[in-house]
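Participant: Next comes run.csv, CSV, N, CA and C atoms:
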chain,number,residue,atom,x,y,z
A,448,MET,N,4.7,-28.7,-125.3
A,448,MET,CA,5.7,-28.0,-124.5
A,448,MET,C,5.2,-28.0,-123.1
A,449,ILE,N,6.1,-28.2,-122.1
A,449,ILE,CA,5.8,-28.0,-120.7
A,449,ILE,C,6.6,-26.8,-120.2
A,450,VAL,N,5.9,-25.9,-119.6
A,450,VAL,CA,6.6,-24.7,-119.0
A,450,VAL,C,6.5,-24.9,-117.5
A,451,TYR,N,7.6,-24.7,-116.8
A,451,TYR,CA,7.6,-25.0,-115.3
A,451,TYR,C,8.3,-23.9,-114.5
A,452,ALA,N,7.8,-23.8,-113.3
A,452,ALA,CA,8.4,-22.9,-112.3
A,452,ALA,C,8.8,-23.8,-111.1
A,453,SER,N,10.0,-23.7,-110.7
A,453,SER,CA,10.5,-24.5,-109.6
A,453,SER,C,11.3,-23.6,-108.6
A,454,ARG,N,11.0,-23.7,-107.3
A,454,ARG,CA,11.7,-22.9,-106.4
A,454,ARG,C,12.7,-23.7,-105.6
A,455,THR,N,12.2,-24.9,-105.1
A,455,THR,CA,13.0,-25.7,-104.2
A,455,THR,C,13.6,-26.9,-105.0
A,456,GLY,N,13.3,-27.1,-106.2
A,456,GLY,CA,13.8,-28.2,-107.0
A,456,GLY,C,12.8,-29.4,-107.2
A,457,ASN,N,11.7,-29.3,-106.4
A,457,ASN,CA,10.7,-30.4,-106.6
A,457,ASN,C,10.1,-30.5,-108.0
A,458,VAL,N,9.7,-29.3,-108.5
A,458,VAL,CA,9.1,-29.3,-109.8
A,458,VAL,C,10.1,-29.6,-110.9
A,459,ARG,N,11.3,-29.1,-110.7
A,459,ARG,CA,12.4,-29.5,-111.7
A,459,ARG,C,12.6,-31.0,-111.7
A,460,ASN,N,12.5,-31.7,-110.6
A,460,ASN,CA,12.6,-33.1,-110.5
A,460,ASN,C,11.5,-33.8,-111.3
A,461,VAL,N,10.3,-33.3,-111.1
A,461,VAL,CA,9.1,-33.8,-111.8
A,461,VAL,C,9.3,-33.7,-113.3
A,462,VAL,N,9.7,-32.6,-113.8
A,462,VAL,CA,9.8,-32.4,-115.3
A,462,VAL,C,10.9,-33.3,-115.8
A,463,SER,N,11.9,-33.6,-115.0
A,463,SER,CA,13.0,-34.5,-115.5
A,463,SER,C,12.5,-35.9,-115.7
A,464,LYS,N,11.4,-36.3,-115.2
A,464,LYS,CA,10.8,-37.6,-115.3
A,464,LYS,C,9.9,-37.7,-116.6
A,465,LEU,N,9.7,-36.6,-117.2
A,465,LEU,CA,8.7,-36.5,-118.3
A,465,LEU,C,9.4,-36.5,-119.7
A,466,LYS,N,8.8,-37.1,-120.7
A,466,LYS,CA,9.3,-37.1,-122.0
A,466,LYS,C,8.6,-36.0,-122.8
A,467,ALA,N,9.2,-34.8,-122.7
A,467,ALA,CA,8.6,-33.7,-123.3
A,467,ALA,C,9.6,-32.6,-123.4
A,468,GLU,N,9.3,-31.6,-124.3
A,468,GLU,CA,10.1,-30.4,-124.3
A,468,GLU,C,9.7,-29.6,-123.1
A,469,CYS,N,10.7,-29.3,-122.3
A,469,CYS,CA,10.4,-28.5,-121.0
A,469,CYS,C,11.3,-27.3,-121.0
A,470,ILE,N,10.6,-26.2,-120.6
A,470,ILE,CA,11.3,-24.9,-120.5
A,470,ILE,C,11.0,-24.2,-119.2
A,471,GLU,N,12.0,-23.7,-118.6
A,471,GLU,CA,11.7,-23.0,-117.3
A,471,GLU,C,11.0,-21.7,-117.6
A,472,LEU,N,10.0,-21.4,-116.8
A,472,LEU,CA,9.2,-20.2,-116.9
A,472,LEU,C,10.1,-18.9,-116.7
A,473,SER,N,9.9,-18.0,-117.5
A,473,SER,CA,10.5,-16.6,-117.3
A,473,SER,C,9.4,-15.6,-117.7
A,474,GLU,N,9.4,-14.5,-117.1
A,474,GLU,CA,8.4,-13.5,-117.3
A,474,GLU,C,8.5,-13.0,-118.8
A,475,GLU,N,9.6,-13.0,-119.4
A,475,GLU,CA,9.8,-12.5,-120.7
A,475,GLU,C,9.3,-13.5,-121.8
A,476,LEU,N,9.1,-14.8,-121.4
A,476,LEU,CA,8.8,-15.8,-122.3
A,476,LEU,C,7.4,-15.5,-122.9
A,477,ARG,N,7.3,-15.6,-124.3
A,477,ARG,CA,6.0,-15.5,-125.0
A,477,ARG,C,5.8,-16.7,-125.8
A,478,LEU,N,4.6,-17.3,-125.7
A,478,LEU,CA,4.4,-18.6,-126.3
A,478,LEU,C,3.3,-18.4,-127.4
A,479,ASN,N,3.4,-19.2,-128.4
A,479,ASN,CA,2.4,-19.2,-129.5
A,479,ASN,C,2.0,-20.6,-129.8
A,480,LYS,N,2.2,-21.6,-128.9
A,480,LYS,CA,1.8,-22.9,-129.1
A,480,LYS,C,1.3,-23.5,-127.8
A,481,PRO,N,0.5,-24.6,-127.8
A,481,PRO,CA,0.0,-25.2,-126.6
A,481,PRO,C,1.1,-25.6,-125.6
A,482,TYR,N,0.8,-25.4,-124.3
A,482,TYR,CA,1.7,-25.9,-123.3
A,482,TYR,C,0.9,-26.3,-122.0
A,483,LEU,N,1.6,-27.1,-121.2
A,483,LEU,CA,1.1,-27.5,-119.9
A,483,LEU,C,2.0,-26.8,-118.9
A,484,LEU,N,1.4,-26.2,-117.9
A,484,LEU,CA,2.1,-25.4,-116.8
A,484,LEU,C,2.2,-26.3,-115.6
A,485,ILE,N,3.5,-26.4,-115.1
A,485,ILE,CA,3.7,-27.1,-113.8
A,485,ILE,C,4.4,-26.1,-112.9
A,486,THR,N,3.8,-25.9,-111.8
A,486,THR,CA,4.2,-24.8,-110.8
A,486,THR,C,4.2,-25.3,-109.4
A,487,TYR,N,4.9,-24.6,-108.6
A,487,TYR,CA,4.8,-24.8,-107.1
A,487,TYR,C,3.7,-23.9,-106.6
A,488,THR,N,3.3,-24.2,-105.3
A,488,THR,CA,2.4,-23.3,-104.6
A,488,THR,C,3.2,-22.5,-103.6
A,489,ASP,N,2.9,-21.2,-103.6
A,489,ASP,CA,3.7,-20.2,-102.8
A,489,ASP,C,2.9,-19.9,-101.5
A,490,GLY,N,3.7,-19.5,-100.5
A,490,GLY,CA,3.1,-19.1,-99.3
A,490,GLY,C,2.0,-20.1,-98.7
A,491,LEU,N,0.9,-19.6,-98.4
A,491,LEU,CA,-0.2,-20.4,-97.9
A,491,LEU,C,-1.3,-20.6,-99.0
A,492,GLY,N,-0.9,-21.2,-100.1
A,492,GLY,CA,-1.8,-21.5,-101.1
A,492,GLY,C,-1.9,-20.5,-102.3
A,493,ASP,N,-0.8,-19.7,-102.4
A,493,ASP,CA,-0.8,-18.7,-103.4
A,493,ASP,C,-0.2,-19.1,-104.8
A,494,ILE,N,-0.6,-18.4,-105.8
A,494,ILE,CA,0.1,-18.6,-107.1
A,494,ILE,C,1.3,-17.7,-107.0
A,495,PRO,N,2.5,-18.3,-107.4
A,495,PRO,CA,3.7,-17.5,-107.3
A,495,PRO,C,3.6,-16.3,-108.2
A,496,ALA,N,4.1,-15.1,-107.8
A,496,ALA,CA,3.9,-13.9,-108.5
A,496,ALA,C,4.4,-14.0,-109.9
A,497,LYS,N,5.6,-14.6,-110.1
A,497,LYS,CA,6.1,-14.7,-111.5
A,497,LYS,C,5.3,-15.5,-112.4
A,498,VAL,N,4.6,-16.5,-111.8
A,498,VAL,CA,3.7,-17.4,-112.6
A,498,VAL,C,2.5,-16.6,-113.0
A,499,GLN,N,2.0,-15.8,-112.1
A,499,GLN,CA,0.8,-15.0,-112.4
A,499,GLN,C,1.1,-14.0,-113.5
A,500,ARG,N,2.3,-13.3,-113.4
A,500,ARG,CA,2.6,-12.4,-114.5
A,500,ARG,C,2.8,-13.1,-115.8
A,501,PHE,N,3.4,-14.3,-115.8
A,501,PHE,CA,3.6,-15.1,-117.0
A,501,PHE,C,2.2,-15.4,-117.6
A,502,LEU,N,1.3,-15.9,-116.8
A,502,LEU,CA,-0.1,-16.2,-117.3
A,502,LEU,C,-0.8,-15.1,-117.9
A,503,GLU,N,-0.6,-13.9,-117.3
A,503,GLU,CA,-1.3,-12.7,-117.8
A,503,GLU,C,-1.0,-12.5,-119.3
A,504,LYS,N,0.2,-12.9,-119.7
A,504,LYS,CA,0.7,-12.7,-121.1
A,504,LYS,C,0.5,-13.9,-121.9
A,505,ASN,N,0.4,-15.1,-121.3
A,505,ASN,CA,0.4,-16.4,-122.1
A,505,ASN,C,-0.8,-17.3,-121.7
A,506,ARG,N,-1.9,-16.7,-121.4
A,506,ARG,CA,-3.0,-17.5,-121.0
A,506,ARG,C,-3.7,-18.3,-122.1
A,507,ASP,N,-3.6,-17.8,-123.4
A,507,ASP,CA,-4.3,-18.4,-124.5
A,507,ASP,C,-3.9,-19.8,-124.8
A,508,PHE,N,-2.7,-20.1,-124.6
A,508,PHE,CA,-2.2,-21.4,-125.0
A,508,PHE,C,-2.0,-22.4,-123.9
A,509,CYS,N,-2.4,-22.0,-122.7
A,509,CYS,CA,-2.3,-22.9,-121.5
A,509,CYS,C,-3.4,-24.0,-121.6
A,510,LYS,N,-3.0,-25.3,-121.6
A,510,LYS,CA,-4.0,-26.4,-121.8
A,510,LYS,C,-4.3,-27.1,-120.5
A,511,GLY,N,-3.5,-26.8,-119.4
A,511,GLY,CA,-3.8,-27.4,-118.1
A,511,GLY,C,-2.7,-27.0,-117.1
A,512,VAL,N,-2.9,-27.4,-115.9
A,512,VAL,CA,-1.9,-27.0,-114.8
A,512,VAL,C,-1.7,-28.2,-113.9
A,513,VAL,N,-0.5,-28.3,-113.4
A,513,VAL,CA,-0.1,-29.2,-112.4
A,513,VAL,C,0.5,-28.4,-111.3
A,514,ALA,N,0.2,-28.6,-110.0
A,514,ALA,CA,0.8,-27.8,-109.0
A,514,ALA,C,1.3,-28.7,-107.9
A,515,SER,N,2.5,-28.4,-107.4
A,515,SER,CA,3.1,-29.1,-106.3
A,515,SER,C,2.9,-28.3,-105.0
A,516,GLY,N,2.9,-29.0,-104.0
A,516,GLY,CA,2.7,-28.5,-102.6
A,516,GLY,C,3.2,-29.5,-101.6
A,517,ASN,N,2.9,-29.1,-100.4
A,517,ASN,CA,3.2,-30.0,-99.2
A,517,ASN,C,1.9,-30.3,-98.5
A,518,SER,N,1.5,-31.5,-98.5
A,518,SER,CA,0.3,-31.9,-97.8
A,518,SER,C,0.3,-31.7,-96.3
A,519,ASN,N,1.5,-31.5,-95.7
A,519,ASN,CA,1.6,-31.2,-94.3
A,519,ASN,C,1.0,-29.9,-93.9
A,520,PHE,N,0.9,-29.0,-94.9
A,520,PHE,CA,0.4,-27.7,-94.6
A,520,PHE,C,-1.2,-27.6,-94.5
A,521,GLY,N,-1.8,-28.7,-94.8
A,521,GLY,CA,-3.2,-28.8,-94.7
A,521,GLY,C,-3.9,-28.8,-96.1
A,522,HIS,N,-5.1,-29.4,-96.1
A,522,HIS,CA,-5.9,-29.5,-97.3
A,522,HIS,C,-6.2,-28.2,-98.0
A,523,HIS,N,-6.5,-27.2,-97.2
A,523,HIS,CA,-6.9,-25.9,-97.8
A,523,HIS,C,-5.8,-25.2,-98.5
A,524,VAL,N,-4.5,-25.5,-98.3
A,524,VAL,CA,-3.5,-24.8,-99.0
A,524,VAL,C,-2.7,-25.8,-99.9
A,525,PHE,N,-2.8,-27.1,-99.7
A,525,PHE,CA,-2.1,-28.0,-100.5
A,525,PHE,C,-2.4,-27.9,-102.0
A,526,GLY,N,-1.4,-27.5,-102.8
A,526,GLY,CA,-1.5,-27.4,-104.2
A,526,GLY,C,-2.6,-26.4,-104.7
A,527,ALA,N,-2.9,-25.4,-103.8
A,527,ALA,CA,-3.9,-24.5,-104.0
A,527,ALA,C,-3.6,-23.6,-105.2
A,528,ALA,N,-2.4,-23.4,-105.5
A,528,ALA,CA,-2.0,-22.5,-106.7
A,528,ALA,C,-2.7,-23.2,-108.0
A,529,GLY,N,-2.6,-24.5,-108.1
A,529,GLY,CA,-3.2,-25.2,-109.2
A,529,GLY,C,-4.7,-25.0,-109.3
A,530,GLU,N,-5.4,-25.0,-108.1
A,530,GLU,CA,-6.8,-24.8,-108.1
A,530,GLU,C,-7.2,-23.4,-108.5
A,531,LYS,N,-6.4,-22.4,-108.1
A,531,LYS,CA,-6.7,-21.0,-108.4
A,531,LYS,C,-6.4,-20.8,-109.9
A,532,ILE,N,-5.3,-21.3,-110.4
A,532,ILE,CA,-5.1,-21.1,-111.8
A,532,ILE,C,-6.1,-21.8,-112.7
A,533,ALA,N,-6.5,-23.0,-112.3
A,533,ALA,CA,-7.6,-23.7,-113.1
A,533,ALA,C,-8.9,-22.9,-113.1
A,534,ALA,N,-9.3,-22.3,-112.0
A,534,ALA,CA,-10.5,-21.6,-111.9
A,534,ALA,C,-10.4,-20.2,-112.6
A,535,THR,N,-9.3,-19.6,-112.5
A,535,THR,CA,-9.1,-18.2,-113.1
A,535,THR,C,-9.0,-18.3,-114.6
A,536,TYR,N,-8.2,-19.3,-115.1
A,536,TYR,CA,-7.9,-19.4,-116.5
A,536,TYR,C,-8.7,-20.5,-117.2
A,537,HIS,N,-9.6,-21.1,-116.5
A,537,HIS,CA,-10.5,-22.1,-117.1
A,537,HIS,C,-9.8,-23.2,-117.8
A,538,VAL,N,-8.8,-23.8,-117.1
A,538,VAL,CA,-8.1,-24.9,-117.6
A,538,VAL,C,-8.2,-26.1,-116.6
A,539,PRO,N,-8.0,-27.3,-117.1
A,539,PRO,CA,-8.0,-28.4,-116.1
A,539,PRO,C,-6.9,-28.4,-115.1
A,540,LEU,N,-7.2,-28.8,-113.9
A,540,LEU,CA,-6.2,-29.1,-112.9
A,540,LEU,C,-5.8,-30.6,-113.1
A,541,VAL,N,-4.7,-30.8,-113.7
A,541,VAL,CA,-4.3,-32.2,-114.1
A,541,VAL,C,-3.9,-33.0,-112.8
A,542,ARG,N,-3.2,-32.4,-111.9
A,542,ARG,CA,-2.7,-33.1,-110.8
A,542,ARG,C,-2.2,-32.1,-109.7
A,543,LYS,N,-2.4,-32.5,-108.4
A,543,LYS,CA,-1.7,-31.9,-107.3
A,543,LYS,C,-0.7,-32.8,-106.8
A,544,LEU,N,0.6,-32.4,-106.7
A,544,LEU,CA,1.7,-33.3,-106.3
A,544,LEU,C,2.1,-33.0,-104.9
A,545,ASP,N,2.3,-34.0,-104.1
A,545,ASP,CA,2.9,-33.8,-102.8
A,545,ASP,C,4.4,-33.8,-103.0
A,546,LEU,N,5.0,-32.6,-102.8
A,546,LEU,CA,6.4,-32.4,-103.0
A,546,LEU,C,6.8,-32.8,-104.4
A,547,ARG,N,7.6,-33.9,-104.6
A,547,ARG,CA,8.0,-34.4,-105.9
A,547,ARG,C,7.1,-35.3,-106.6
A,548,GLY,N,6.0,-35.7,-106.0
A,548,GLY,CA,5.1,-36.6,-106.6
A,548,GLY,C,5.6,-38.0,-106.6
A,549,ASN,N,5.0,-38.9,-107.4
A,549,ASN,CA,5.4,-40.3,-107.5
A,549,ASN,C,5.1,-40.8,-108.9
A,550,GLN,N,5.5,-42.0,-109.2
A,550,GLN,CA,5.4,-42.6,-110.5
A,550,GLN,C,4.0,-42.5,-111.1
A,551,THR,N,3.0,-42.7,-110.3
A,551,THR,CA,1.6,-42.6,-110.8
A,551,THR,C,1.3,-41.2,-111.2
A,552,ASP,N,1.8,-40.2,-110.5
A,552,ASP,CA,1.6,-38.8,-110.9
A,552,ASP,C,2.3,-38.5,-112.3
A,553,TYR,N,3.6,-39.0,-112.4
A,553,TYR,CA,4.3,-38.8,-113.6
A,553,TYR,C,3.6,-39.4,-114.8
A,554,GLU,N,3.0,-40.6,-114.6
A,554,GLU,CA,2.3,-41.2,-115.7
A,554,GLU,C,1.0,-40.5,-116.1
A,555,ALA,N,0.3,-40.0,-115.1
A,555,ALA,CA,-0.9,-39.2,-115.4
A,555,ALA,C,-0.6,-37.9,-116.1
A,556,ILE,N,0.5,-37.2,-115.7
A,556,ILE,CA,0.9,-36.0,-116.4
A,556,ILE,C,1.4,-36.3,-117.8
A,557,GLN,N,2.1,-37.3,-118.0
A,557,GLN,CA,2.6,-37.7,-119.3
A,557,GLN,C,1.4,-38.0,-120.3
A,558,THR,N,0.4,-38.7,-119.8
A,558,THR,CA,-0.8,-39.1,-120.6
A,558,THR,C,-1.5,-37.8,-120.9
A,559,PHE,N,-1.7,-36.9,-120.0
A,559,PHE,CA,-2.4,-35.6,-120.3
A,559,PHE,C,-1.6,-34.9,-121.3
A,560,TYR,N,-0.3,-34.8,-121.2
A,560,TYR,CA,0.5,-34.0,-122.1
A,560,TYR,C,0.4,-34.6,-123.5
A,561,GLU,N,0.4,-35.9,-123.6
A,561,GLU,CA,0.4,-36.5,-125.0
A,561,GLU,C,-1.0,-36.5,-125.6
A,562,THR,N,-2.1,-36.5,-124.8
A,562,THR,CA,-3.4,-36.5,-125.4
A,562,THR,C,-4.1,-35.1,-125.5
A,563,ARG,N,-3.6,-34.2,-124.6
A,563,ARG,CA,-4.3,-32.9,-124.6
A,563,ARG,C,-3.5,-31.7,-125.0
A,564,VAL,N,-2.1,-31.9,-124.9
A,564,VAL,CA,-1.3,-30.7,-125.3
A,564,VAL,C,-0.6,-31.0,-126.7
A,565,MET,N,-0.2,-32.2,-126.9
A,565,MET,CA,0.6,-32.5,-128.1
A,565,MET,C,-0.4,-32.7,-129.3
A,566,ARG,N,-1.6,-33.0,-129.1
A,566,ARG,CA,-2.5,-33.4,-130.2
A,566,ARG,C,-2.7,-32.3,-131.2
Take the structure in the file and write it out as structure tokens.
Facilitator:
Amino acid sequence: MIVYASRTGNVRNVVSKLKAECIELSEELRLNKPYLLITYTDGLGDIPAKVQRFLEKNRDFCKGVVASGNSNFGHHVFGAAGEKIAATYHVPLVRKLDLRGNQTDYEAIQTFYETRVMR
């Protein structure tokens, strides 16, 4: 399963390119099976608050994180939510996407999903 949070539509576009069961993140969602998290980066490199609250309750089954961002904001904040989630929850940072990402990104995410989440 892929759980995603999208604010501007960039992440929603990414998940539409993937062959996987995808569900939009909600704070009420409770999971008991492995999932890949795909999220946007908030503010100046922050984890979105709703994603943080979700992870506090669903950390055990998270197998990796993908974060979107805008490289125009600079290296120190680009996709930083993914770096912070990876460090805090001890999961791999699969990819940092510039806005909607590209075909190479989608293929890397799909491969990770099939080999590390679905197995």
Participant: For Ile532 in chain A, which residue out of A:Leu544, A:Met565, A:Ala496, A:Met448 is the nearest one, using only C-alpha atoms?
Facilitator: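 Looking only at the distances to Ile532 in chain A, the closest residue turns out to be A:Ala496.
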Participant: Could you pull out the strand (DSSP E) residues of range 455-506 of chain A, going by DSSP on the backbone, and write them as a count of residues only?
Facilitator: 9
Participant: Do a neighbour search on range 505-509 of chain A at 7 Å with only C-alpha atoms, toss out local chain neighbours closer than 5 positions, and write the hits as a list in words.
Facilitator: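 What passes the distance filter is Arg477, Leu478, Asn479, Lys480, Pro481, Tyr482, Leu483, Leu484 and Tyr536 of chain A.
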Participant: To one decimal place in Å, what is the distance between atom C of Asp489 in chain A and CA of His522 in chain A?
Facilitator: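 About the pair atom C of Asp489 in chain A and CA of His522 in chain A: they are 13.7 Å apart.
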Participant: Just checking: using all atoms listed in the file, which residue out of A:Phe559, A:Ala534, A:Tyr553, A:Ala528 ends up closest to Thr488 in chain A?
Facilitator: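 Going through A:Phe559, A:Ala534, A:Tyr553, A:Ala528 one by one, the smallest distance to Thr488 in chain A is for A:Ala528.
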Participant: Using only N, CA and C atoms, can you tell me which of A:Ile449, A:Gln499, A:Ser515, A:Ala533 comes closest to Ala467 in chain A?
Facilitator: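 The answer is A:Ile449, which sits nearest to Ala467 in chain A.
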Participant: Mind pulling up the distance from CA of Lys466 in chain A to CA of Thr535 in chain A?
Facilitator: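 Separation between CA of Thr535 in chain A and CA of Lys466 in chain A: 27.8 Å.
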Participant: What's the separation between atom C of Leu465 in chain A and CA of Val450 in chain A, in Å to one decimal place?
Facilitator: 12.1 Å
Participant: Can you pull out the residues contacting Pro539 in chain A? Cut-off 8 Å, using only C-alpha atoms, and skip same-chain residues under 6 positions away; I want them as a ChimeraX atom specification.
Facilitator: /A:510-512,533
Participant: Please produce a file of the residues just selected, as an mmCIF file, keeping the file's coordinate frame, where the atoms kept are N, CA and C atoms.
Facilitator:
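Now in out.cif:
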data_model
loop_
_atom_site.group_PDB
_atom_site.id
_atom_site.type_symbol
_atom_site.label_atom_id
_atom_site.label_comp_id
_atom_site.auth_asym_id
_atom_site.auth_seq_id
_atom_site.Cartn_x
_atom_site.Cartn_y
_atom_site.Cartn_z
ATOM 1 N N LYS A 510 -3.000 -25.300 -121.600
ATOM 2 C CA LYS A 510 -4.000 -26.400 -121.800
ATOM 3 C C LYS A 510 -4.300 -27.100 -120.500
ATOM 4 N N GLY A 511 -3.500 -26.800 -119.400
ATOM 5 C CA GLY A 511 -3.800 -27.400 -118.100
ATOM 6 C C GLY A 511 -2.700 -27.000 -117.100
ATOM 7 N N VAL A 512 -2.900 -27.400 -115.900
ATOM 8 C CA VAL A 512 -1.900 -27.000 -114.800
ATOM 9 C C VAL A 512 -1.700 -28.200 -113.900
ATOM 10 N N ALA A 533 -6.500 -23.000 -112.300
ATOM 11 C CA ALA A 533 -7.600 -23.700 -113.100
ATOM 12 C C ALA A 533 -8.900 -22.900 -113.100
#
Participant: Point out the residue among A:Thr558, A:Ala452, A:Phe525, A:Gly548 with the least atom-to-atom distance to Gly492 in chain A, counting only N, CA and C atoms.
Facilitator: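 Of A:Thr558, A:Ala452, A:Phe525, A:Gly548, the one nearest Gly492 in chain A, counting only N, CA and C atoms, is A:Phe525.
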Participant: As a VMD selection string, please: every residue in chain A that DSSP puts in alpha helix (DSSP H).
Facilitator: chain A and resid 457 to 463 496 to 505 527 to 536 550 to 559
